[in-house]
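**Q** Here's a structure for you.
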Amino acid sequence: MEARELESHHTPTYHLIPEASRPREEEDVSMLPQQSTETMQLKKEISLLNGVSLVVGNMIGSGIFVSPKGVLVYTASYGLSLIIWAIGGLFSVVGALCYAELGTTITKSGASYAYILEAFGGFIAFIRLWASLLIVEPTSQAIIAITFANYIIQPSFPTCEPPYLACRLLAAACMCKTEDLSLGHSISDSSETLLQRGLLTFVNCAYVKWGTRVQDTFTYAKVLALIAIIVMGLVKLCQGHSEHFQDAFKGSSWDLGDLSLALYSALFSYSGWDTLNFVTEEIKNPERNLPLAIGISMPIVTLIYILTNVAYYTVLSISDVLGSDAVAVTFADQTFGMFSWTIPIAVALSCFGGLNASIFASSRLFFVGSREGHLPDLLSMIHVERFTPIPALLFNCTMTLIYLTVEDVFLLINYFSFSYWFFVGLSVAGQLYLRWKEPERPRPLKLSLFFPIVFCICSLFLVVVPLFSDTINSLIGIGIALSGVPIYFLGVYLPDSRRPLFIRNVLAAITEVTQKLCFCVLTELDVAEERQVERKTE
């Protein structure tokens, strides 16, 4: 596979397509003020505080408001449920530490995709990317959007279930409002006002710095909302409302399959600790700020999650939790009185902020996959003035809208969990492999081998047990991942000249139209990085 700077001289779709002749347009693009002074690539604009906000903001999305029910269904007791939450937090801390070493050793964006690519080559990395494209990223974002819709709508239906279509349409509107209007600025300057219609649209398509500032604000809001729940729960506990913790382990389910599925639900809430690894190339001083941000974020989130569940369990009975799709709203109705309306709004804002962080990270995954030649070149293009990956954002939005048609949200979590933990475990196994293969490689942060070994063993448990206890869903997850094999053969392994002409023509036409609409071009790697890039698919 040829390097992109060589390809760009021969493939016209790599440049802005003009109404005049192609050479004239290349000349015009070079005369742009931004082009003359700045390299066409994503900028390093994420500080330590922004990194902490991204990790905390992505982890505290919808999970803590949905998964208490999912964990309790499989554990059947408050005592075992709290243990599962603690184990999930500890497991996530170990994984985050392993990723801190990987992120400072392999300073590429893309998280586990980039690490698998470096350790095991292009084929396995593509399968990981394919699984993320089809299930992991759109599923997690669909769950967040659905939760956002449930918390907005449920106060309007206090005595009955909210209409299914209303929830899904509002979730779709949330996604579209986040990304679908991102073409507004790129069509013409006069359409700039369209961007005002959606805050996250404007944020994700304008400037990275604005996006991180908005993320900071949403993170503060959701942490304050959870602190309010925790304080209220602790007040009730101090007043003597401890009856739900008497015989806390009575009725517990100790079945390994149930425990595994309960842990899946808890780990879904903790998912997001790898957010910064998706944007490593945009972090200022990543060797310092990446592990520091992870080290600050993980204890904060783990403590908040355990205390929030203690607050829930102090006020609500098991039947109350299992009977509610919006646990925090049910909690507020019984404790906050006339101010109970504040919690649904706070939860909705929390989900909205979590969705923003997830979109920020996943769009970079598709961006990096395209840059490595595993996805169409279109997805590695950025706006020539704002340096934001608009095509990747639009693609991410489309995939999530498709998954909003799946009815069972907990089924989505099970699909998500199997594929996600398999590839996360594989990337940490790659960490062990690189320790053996390249022992002299510079590692700014070097952990004891105890951490990656323990994490790999636990990941194996999370992958193997559901194969027996939840066979159908696990096989569906495997089938989705393996469906990428023929796609890899046709789209990556075969030389461009041997790929079907129809597909090449369609991609060229879509690329041309998108470049005209989005005013975007391919990015450039800086010279030092470009010399080190290896095409793993050769």
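Quick note on naming: the chains in the structure tokens go A, B, ... in the order shown, residues restart at 1 in each chain, and ligands are numbered from 1 in order of appearance.
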I need the residues of range 322-401 of chain A that end up classed as alpha helix (DSSP H) by DSSP on the backbone, written out as a PyMOL selection string.
**A** chain A and resi 322+327-335+342-371+390-401
**Q** Find the spatial neighbours of Ser81 in chain A, counting only C-alpha atoms, within a cut-off of 8 Å - ignore same-chain residues fewer than 6 positions away - and output them as a list of chain:residue names.
**A**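 Final neighbour list, sorted by chain and number: A:Val71, A:Leu72, A:Thr75.
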**Q** Residues of range 367-398 of chain A that approach range 270-284 of chain A to 12 Å or less, counting only C-alpha atoms: could you list each one with the shortest pair of atoms and its distance in Å to one decimal, rows by chain and increasing residue number, as a Markdown table?
**A**
```
| residue | atom | partner | partner_atom | distance |
| --- | --- | --- | --- | --- |
| A:Phe367 | CA | A:Phe278 | CA | 10.2 |
| A:Val368 | CA | A:Phe278 | CA | 9.1 |
| A:Gly369 | CA | A:Phe278 | CA | 11.2 |
| A:Phe387 | CA | A:Glu282 | CA | 11.5 |
| A:Thr388 | CA | A:Glu282 | CA | 11.6 |
```
**Q** Can you write out the residues you just picked, keeping C-alpha atoms, as a compact mmCIF listing (two decimals), in the first residue's frame?
**A**
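Output (result-v8.txt):
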```
# COMPACT_ATOMS: atom_id res chain seq x y z
CA PHE A 367 -10.31 8.82 11.34
CA VAL A 368 -7.21 6.81 12.31
CA GLY A 369 -8.56 3.62 10.68
CA PHE A 387 -9.30 21.00 11.48
CA THR A 388 -12.25 18.82 12.57
```
**Q** Need the shell around Val454 in chain A: protein/DNA/RNA residues with any atom at most 12 Å away, counting only C-alpha atoms. Skip same-chain ones fewer than 2 positions apart. Format as a PyMOL selection string?
**A** chain A and resi 90-95+97-98+425+428-429+432+448-452+456-461
**Q** Can you measure CA of Glu101 in chain A to CA of Gln431 in chain A for me? One decimal in Å is fine.
**A**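 Between CA of Glu101 in chain A and CA of Gln431 in chain A the gap works out to 8.5 Å.
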**Q** Do you know which residues are at most 12 Å from Phe123 in chain A counting only C-alpha atoms, after dropping those on the same chain fewer than 5 positions away, and could you put them as a PyMOL selection string?
**A** chain A and resi 113+116-118+128-130+372-374+481-482+484-489+491-493+535-538
**Q** Quick one: residues within 9 Å of Ile229 in chain A, only C-alpha atoms, excluding same-chain residues fewer than 3 positions away - as JSON, numbers by chain?
**A** {"A": [224, 225, 226, 232, 233, 234, 308, 311, 312, 328, 331, 332, 343]}
**Q** With only C-alpha atoms as the basis for distance, which of A:Ile503, A:Ile84, A:Ser77, A:Asp216 is at the shortest distance from Ala357 in chain A?
**A**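 For Ala357 in chain A, the nearest of the candidates is A:Asp216.
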**Q** With distances taken over only C-alpha atoms, which residue among A:Ile83, A:Ala96, A:Lys44, A:Asn473 lies nearest Met298 in chain A?
**A**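 Distance minimum relative to Met298 in chain A lands on A:Ala96.
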**Q** Skip Gly353 in chain A itself and residues of its chain fewer than 6 positions away, then list as a VMD selection string all residues within 8 Å of it, counting only C-alpha atoms.
**A** chain A and resid 57 to 58 61 215 218 to 219
**Q** Contacts of Ser253 in chain A at 9 Å or less, counting only C-alpha atoms, minus same-chain residues fewer than 3 places along, as number ranges by chain?
**A** A: 74-77, 80, 256, 258-259
